[in-house]
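**Student:** Sharing protein39.csv below, CSV, C-alpha atoms:
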chain,number,residue,atom,x,y,z
D,1,MET,CA,-54.7,4.4,29.8
D,2,ILE,CA,-55.2,6.0,26.4
D,3,GLU,CA,-57.3,4.0,24.0
D,4,ARG,CA,-55.6,3.1,20.7
D,5,PRO,CA,-57.2,4.3,17.5
D,6,THR,CA,-58.8,1.4,15.5
D,7,ALA,CA,-57.8,0.4,12.0
D,8,LEU,CA,-59.4,-2.3,9.8
D,9,VAL,CA,-57.4,-3.8,7.0
D,10,THR,CA,-58.7,-6.1,4.4
D,11,GLY,CA,-56.5,-8.6,2.5
D,12,ALA,CA,-54.5,-8.7,5.7
D,13,SER,CA,-53.5,-12.4,5.5
D,14,ARG,CA,-50.6,-11.6,3.1
D,15,GLY,CA,-48.9,-9.1,0.9
D,16,VAL,CA,-49.6,-5.4,1.2
D,17,GLY,CA,-52.4,-5.9,3.6
D,18,ALA,CA,-50.3,-7.8,6.1
D,19,ALA,CA,-47.5,-5.2,5.7
D,20,VAL,CA,-49.9,-2.4,6.4
D,21,ALA,CA,-51.3,-4.2,9.4
D,22,ARG,CA,-47.7,-4.6,10.8
D,23,ALA,CA,-47.0,-0.9,10.2
D,24,LEU,CA,-50.1,0.1,12.1
D,25,GLY,CA,-49.6,-2.4,14.8
D,26,PRO,CA,-47.4,-0.3,17.2
D,27,THR,CA,-50.0,2.5,17.4
D,28,HIS,CA,-53.4,1.0,16.5
D,29,ARG,CA,-55.8,-1.7,17.4
D,30,VAL,CA,-55.9,-3.6,14.2
D,31,ILE,CA,-58.8,-5.7,12.8
D,32,LEU,CA,-57.4,-8.1,10.3
D,33,GLY,CA,-59.8,-8.9,7.6
D,34,GLY,CA,-59.3,-11.8,5.1
D,35,ARG,CA,-60.2,-15.3,4.0
D,36,ASP,CA,-57.2,-17.3,5.5
D,37,GLU,CA,-58.2,-17.7,9.1
D,38,SER,CA,-54.9,-19.4,10.1
D,39,ALA,CA,-52.7,-16.7,8.5
D,40,LEU,CA,-54.8,-14.0,10.2
D,41,ALA,CA,-54.5,-15.6,13.6
D,42,GLY,CA,-50.7,-15.9,13.2
D,43,LEU,CA,-50.4,-12.2,12.3
D,44,ALA,CA,-52.7,-11.2,15.2
D,45,ALA,CA,-50.4,-13.0,17.5
D,46,GLU,CA,-47.5,-10.9,16.3
D,47,LEU,CA,-49.1,-7.6,17.0
D,48,PRO,CA,-49.7,-5.9,20.4
D,49,ASP,CA,-53.4,-5.3,19.9
D,50,ALA,CA,-55.0,-7.1,16.9
D,51,VAL,CA,-57.9,-9.4,16.2
D,52,ALA,CA,-58.5,-11.7,13.3
D,53,TRP,CA,-61.7,-11.1,11.3
D,54,PRO,CA,-62.2,-14.1,8.9
D,55,VAL,CA,-64.6,-12.9,6.3
D,56,GLU,CA,-65.8,-13.4,2.7
D,57,LEU,CA,-66.0,-9.8,1.6
D,58,THR,CA,-68.0,-10.6,-1.5
D,59,ARG,CA,-70.9,-11.9,0.7
D,60,LEU,CA,-70.7,-9.3,3.5
D,61,THR,CA,-73.7,-8.6,5.5
D,62,PRO,CA,-74.2,-6.2,8.5
D,63,ALA,CA,-74.1,-9.2,10.8
D,64,ASP,CA,-70.6,-10.1,9.7
D,65,LEU,CA,-69.2,-6.7,10.8
D,66,PRO,CA,-67.2,-6.3,14.1
D,67,GLU,CA,-68.9,-4.1,16.6
D,68,LEU,CA,-67.3,-0.7,16.3
D,69,ALA,CA,-68.4,2.6,17.8
D,70,ARG,CA,-65.7,4.4,15.8
D,71,LEU,CA,-63.2,3.4,13.1
D,72,ASP,CA,-60.2,5.6,12.6
D,73,VAL,CA,-58.6,3.9,9.6
D,74,LEU,CA,-60.0,1.7,6.9
D,75,VAL,CA,-57.5,0.1,4.4
D,76,HIS,CA,-58.9,-1.7,1.3
D,77,SER,CA,-56.1,-4.0,0.3
D,78,ALA,CA,-58.0,-7.2,-0.8
D,79,GLY,CA,-58.0,-7.8,-4.5
D,80,LEU,CA,-57.5,-10.2,-7.4
D,81,ALA,CA,-56.2,-10.1,-11.0
D,82,ARG,CA,-57.3,-12.4,-13.7
D,83,LEU,CA,-55.4,-11.6,-16.9
D,84,GLY,CA,-56.6,-12.2,-20.4
D,85,ARG,CA,-57.5,-10.5,-23.6
D,86,ILE,CA,-61.0,-9.2,-24.0
D,87,ALA,CA,-61.8,-11.8,-26.6
D,88,ASP,CA,-60.9,-14.6,-24.2
D,89,THR,CA,-62.4,-13.2,-20.9
D,90,PRO,CA,-65.8,-14.5,-20.1
D,91,ALA,CA,-68.4,-12.7,-18.0
D,92,SER,CA,-67.6,-14.8,-15.0
D,93,VAL,CA,-64.1,-13.3,-14.7
D,94,TRP,CA,-65.5,-9.8,-15.0
D,95,ARG,CA,-68.0,-10.5,-12.3
D,96,GLU,CA,-65.5,-12.2,-10.0
D,97,THR,CA,-63.0,-9.3,-10.4
D,98,PHE,CA,-65.5,-6.5,-9.9
D,99,ASP,CA,-67.2,-8.3,-6.9
D,100,LEU,CA,-64.0,-8.2,-4.9
D,101,ASN,CA,-62.1,-5.2,-6.3
D,102,ILE,CA,-65.0,-2.7,-6.2
D,103,VAL,CA,-68.4,-4.0,-5.1
D,104,ALA,CA,-67.0,-5.4,-1.8
D,105,VAL,CA,-65.1,-2.2,-1.2
D,106,ALA,CA,-68.2,-0.1,-1.8
D,107,GLU,CA,-70.4,-2.3,0.4
D,108,SER,CA,-68.0,-2.6,3.3
D,109,THR,CA,-67.4,1.2,3.2
D,110,ARG,CA,-71.1,1.8,3.2
D,111,LEU,CA,-71.6,-0.4,6.2
D,112,LEU,CA,-68.7,1.1,8.1
D,113,LEU,CA,-69.5,4.8,7.4
D,114,PRO,CA,-71.2,5.4,10.8
D,115,ALA,CA,-68.1,4.3,12.6
D,116,LEU,CA,-65.8,6.3,10.2
D,117,ARG,CA,-67.9,9.4,10.6
D,118,ALA,CA,-67.7,9.1,14.3
D,119,SER,CA,-63.9,9.5,14.2
D,120,GLY,CA,-63.5,11.6,11.1
D,121,GLY,CA,-61.6,8.6,9.8
D,122,HIS,CA,-59.2,7.9,6.9
D,123,VAL,CA,-60.0,5.5,4.1
D,124,PHE,CA,-57.2,4.1,1.9
D,125,CYS,CA,-57.9,2.4,-1.4
D,126,VAL,CA,-54.9,0.4,-2.5
D,127,ASN,CA,-55.2,0.7,-6.2
D,128,SER,CA,-52.6,-0.1,-8.9
D,129,GLY,CA,-50.8,1.4,-11.9
D,130,ALA,CA,-53.6,-0.4,-13.8
D,131,GLY,CA,-56.0,2.2,-12.3
D,132,GLN,CA,-54.2,4.9,-14.2
D,133,ARG,CA,-53.7,3.1,-17.6
D,134,ALA,CA,-55.1,0.0,-19.2
D,135,ASN,CA,-52.7,-2.3,-21.1
D,136,PRO,CA,-53.5,-5.3,-23.4
D,137,GLY,CA,-54.5,-8.3,-21.4
D,138,TRP,CA,-55.5,-6.3,-18.4
D,139,ALA,CA,-59.0,-5.1,-19.3
D,140,SER,CA,-61.0,-6.6,-16.5
D,141,TYR,CA,-58.5,-5.8,-13.7
D,142,ALA,CA,-57.8,-2.3,-15.0
D,143,ALA,CA,-61.5,-1.6,-15.4
D,144,SER,CA,-62.1,-2.6,-11.8
D,145,LYS,CA,-59.3,-0.3,-10.6
D,146,PHE,CA,-60.5,2.6,-12.7
D,147,ALA,CA,-63.9,2.0,-10.9
D,148,LEU,CA,-62.1,2.0,-7.6
D,149,ARG,CA,-60.5,5.3,-8.4
D,150,ALA,CA,-64.0,6.7,-9.2
D,151,PHE,CA,-65.3,5.3,-6.0
D,152,ALA,CA,-62.6,7.0,-3.9
D,153,ASP,CA,-63.1,10.3,-5.7
D,154,ALA,CA,-66.9,10.2,-5.1
D,155,LEU,CA,-66.5,9.2,-1.5
D,156,ARG,CA,-64.1,12.1,-0.9
D,157,GLU,CA,-66.7,14.6,-2.2
D,158,GLU,CA,-69.7,13.0,-0.5
D,159,GLU,CA,-68.0,12.6,2.9
D,160,PRO,CA,-65.9,15.8,3.5
D,161,ALA,CA,-65.3,14.9,7.1
D,162,LEU,CA,-63.3,11.9,6.0
D,163,ARG,CA,-59.9,11.7,4.4
D,164,VAL,CA,-59.8,9.4,1.4
D,165,THR,CA,-56.5,8.4,-0.2
D,166,THR,CA,-55.9,6.4,-3.3
D,167,VAL,CA,-52.5,4.7,-3.5
D,168,TYR,CA,-51.2,3.6,-6.9
D,169,PRO,CA,-48.3,1.2,-6.5
D,170,GLY,CA,-46.4,-0.4,-9.4
D,171,ARG,CA,-45.5,-4.0,-9.2
D,172,ILE,CA,-45.0,-5.3,-5.7
D,173,ASP,CA,-43.1,-8.4,-4.5
D,174,THR,CA,-46.1,-10.5,-3.3
D,175,ASP,CA,-47.7,-13.8,-3.9
D,176,MET,CA,-50.2,-12.0,-6.1
D,177,GLN,CA,-47.4,-10.7,-8.3
D,178,ARG,CA,-46.0,-14.2,-8.7
D,179,GLN,CA,-49.5,-15.3,-10.0
D,180,VAL,CA,-49.6,-12.4,-12.3
D,181,ARG,CA,-46.1,-13.2,-13.8
D,182,GLU,CA,-47.2,-16.8,-14.3
D,183,GLN,CA,-50.2,-15.6,-16.2
D,184,GLU,CA,-48.0,-13.3,-18.3
D,185,GLY,CA,-45.4,-16.0,-18.8
D,186,GLY,CA,-42.7,-13.7,-17.6
D,187,GLU,CA,-39.8,-14.1,-15.2
D,188,TYR,CA,-40.3,-13.2,-11.6
D,189,GLN,CA,-37.9,-10.4,-10.7
D,190,PRO,CA,-38.4,-9.4,-7.0
D,191,ASP,CA,-35.4,-7.0,-7.1
D,192,ARG,CA,-37.2,-4.9,-9.7
D,193,TYR,CA,-40.5,-4.7,-7.7
D,194,LEU,CA,-41.6,-2.6,-4.7
D,195,ALA,CA,-41.5,-4.3,-1.3
D,196,ALA,CA,-44.9,-4.6,0.4
D,197,GLU,CA,-43.3,-2.8,3.4
D,198,THR,CA,-42.5,0.2,1.2
D,199,VAL,CA,-46.2,0.5,0.2
D,200,ALA,CA,-47.1,0.2,3.9
D,201,ARG,CA,-44.7,3.0,4.9
D,202,ALA,CA,-46.3,5.2,2.2
D,203,VAL,CA,-49.7,4.5,3.7
D,204,LEU,CA,-48.4,5.4,7.1
D,205,ALA,CA,-46.8,8.6,5.7
D,206,CYS,CA,-50.2,9.7,4.3
D,207,LEU,CA,-51.9,8.8,7.6
D,208,ASN,CA,-49.4,10.8,9.7
D,209,ALA,CA,-49.1,13.8,7.4
D,210,GLY,CA,-51.0,15.9,9.9
D,211,PRO,CA,-54.6,16.8,10.7
D,212,ASP,CA,-54.5,19.7,8.3
D,213,ALA,CA,-53.3,17.6,5.3
D,214,HIS,CA,-55.3,15.5,3.0
D,215,LEU,CA,-53.2,13.5,0.6
D,216,THR,CA,-55.7,12.4,-2.0
D,217,GLU,CA,-53.5,10.4,-4.3
D,218,LEU,CA,-50.0,8.8,-4.1
D,219,THR,CA,-48.2,7.0,-7.0
D,220,LEU,CA,-45.3,4.7,-6.2
D,221,ARG,CA,-43.1,3.0,-8.9
D,222,PRO,CA,-40.2,0.6,-8.5
D,223,ARG,CA,-36.8,2.2,-9.1
D,224,GLY,CA,-35.9,-0.8,-11.3
D,225,GLY,CA,-38.0,0.6,-14.1
D,226,PRO,CA,-40.7,-1.0,-16.3
D,227,VAL,CA,-41.1,-4.8,-16.1
D,228,THR,CA,-41.9,-6.7,-19.3
Once you've parsed the file, please lay out its structure as structure tokens.
**Tutor:**
Amino acid sequence: MIERPTALVTGASRGVGAAVARALGPTHRVILGGRDESALAGLAAELPDAVAWPVELTRLTPADLPELARLDVLVHSAGLARLGRIADTPASVWRETFDLNIVAVAESTRLLLPALRASGGHVFCVNSGAGQRANPGWASYAASKFALRAFADALREEEPALRVTTVYPGRIDTDMQRQVREQEGGEYQPDRYLAAETVARAVLACLNAGPDAHLTELTLRPRGGPVT
């Protein structure tokens, strides 16, 4: 029996993370990282070879990690967005945003590097259009996503045996997007957003591009056009 490659997905309890886990499920053993233990257990039950990994990524220690001799795919999908103008955004929001959106990514990657190196693995950073441009009211989130872009670029150069892909989706039909639209005071328009499954298929396309291909960046935008 051929052993499945192993993938670890953070933010797997919902949204893009859950969609990516489902997309990887037919071909990979999937470790489902997230805070919602019940949701992770439910998703694990759906997949042929998956295990829930309840974790608080902002307080990650080596003892929290699953035992892995090798890790073929690491998908960083966990994240949060707290909107507000700079004049109204306290240091606590900046710290909370950076702790999850970049510090947790850096630390989990650092701890998993031996397993990634053992397989010549592929790291995905699910970024955002906010990682390419900063708009009013989005300073803390955009800054964290610009930092995530820099992290991925540096990791790619420092670890040439790995593939590192940054994915820049536009607005996605997720619970997080509902929260964002509430903060913006705008109408929720799911037909104008990307489906989480579309982003997951894009991740899979990058992963399966071939051993000689290294897709470093991918930008996805909804066909419905800009949302205001």
**Student:** Given all atoms listed in the file as the basis, pick out the residue of D:Leu83, D:Ala143, D:Val126, D:Ala202 nearest to D:Gln179.
**Tutor:** D:Leu83
**Student:** Within 12 Å of (-68.0, -0.3, 12.2), all atoms listed in the file: residues as a ChimeraX atom specification?
**Tutor:** /D:6-8,31,62-74,108-119,121
**Student:** Name the closest residue to D:Thr216 among the candidates D:Glu182, D:Asp173, D:Glu159, D:Asp153; distances are taken between atoms, counting all atoms listed in the file.
**Tutor:**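 The shortest atom-to-atom distance to D:Thr216 comes from D:Asp153.
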**Student:** Please compute the atom CA of D:Glu217-atom CA of D:Leu57 distance, one decimal, in Å.
**Tutor:** 24.5 Å
**Student:** State, in Å with one decimal place, the distance from atom CA of D:Ala39 to atom CA of D:Arg221.
**Tutor:**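 Straight-line distance from atom CA of D:Ala39 to atom CA of D:Arg221 works out to 28.0 Å.
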**Student:** Using all atoms listed in the file, determine which residues lie at most 12 Å from D:Leu32, disregarding the query and same-chain residues fewer than 4 positions distant; provide the list as JSON, numbers by chain.
**Tutor:** {"D": [6, 7, 8, 9, 10, 11, 12, 13, 14, 17, 18, 19, 20, 21, 22, 24, 25, 28, 36, 37, 38, 39, 40, 41, 42, 43, 44, 45, 46, 47, 49, 50, 51, 52, 53, 54, 55, 65, 66, 74, 75, 76, 77, 78]}
**Student:** Report, in Å to a single decimal, how far apart atom CA of D:Arg85 and atom CA of D:Trp138 are.
**Tutor:**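 Taking atom CA of D:Trp138 and atom CA of D:Arg85, their separation equals 7.0 Å.
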**Student:** Counting all atoms listed in the file, note down every residue that has an atom within 12 Å of the point (-68.9, -2.9, -8.2) (file coordinates), as a list of chain:residue names.
**Tutor:**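 Looking at atoms near the point gives D:Thr58, D:Trp94, D:Arg95, D:Glu96, D:Thr97, D:Phe98, D:Asp99, D:Leu100, D:Asn101, D:Ile102, D:Val103, D:Ala104, D:Val105, D:Ala106, D:Glu107, D:Ser108, D:Ala143, D:Ser144, D:Lys145, D:Phe146, D:Ala147, D:Leu148, D:Arg149, D:Ala150, D:Phe151.
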**Student:** Which is closest to D:Val93 among D:Asn127, D:Ser140, D:Thr166, D:Thr61, if we use all atoms listed in the file?
**Tutor:**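 With all atoms listed in the file as the atom set, the closest residue is D:Ser140.
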**Student:** Which of these residues is nearest to D:Ala152, using only C-alpha atoms: D:Asp175, D:His122, D:Ala209, D:Pro90?
**Tutor:**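 Ranking D:Asp175, D:His122, D:Ala209, D:Pro90 by distance to D:Ala152, first place goes to D:His122.
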**Student:** So, counting all atoms listed in the file, which residue among D:Ala200, D:Ala205, D:Leu220, D:Ala81 is closest to D:Arg178?
**Tutor:**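 Under the stated criterion, the closest residue is D:Ala81.
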**Student:** Name the residues in contact with D:Arg171 at a cut-off of 9 Å, using all atoms listed in the file, excluding same-chain residues fewer than 2 positions from it; report them as a PyMOL selection string.
**Tutor:** chain D and resi 128-129+169+173-174+177+192-195+221-222+227
**Student:** Here is a test: counting all atoms listed in the file, which residue of D:Leu207, D:Ala196, D:Cys125, D:Leu155 is nearest to D:Tyr168?
**Tutor:**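 Closest candidate: D:Cys125.
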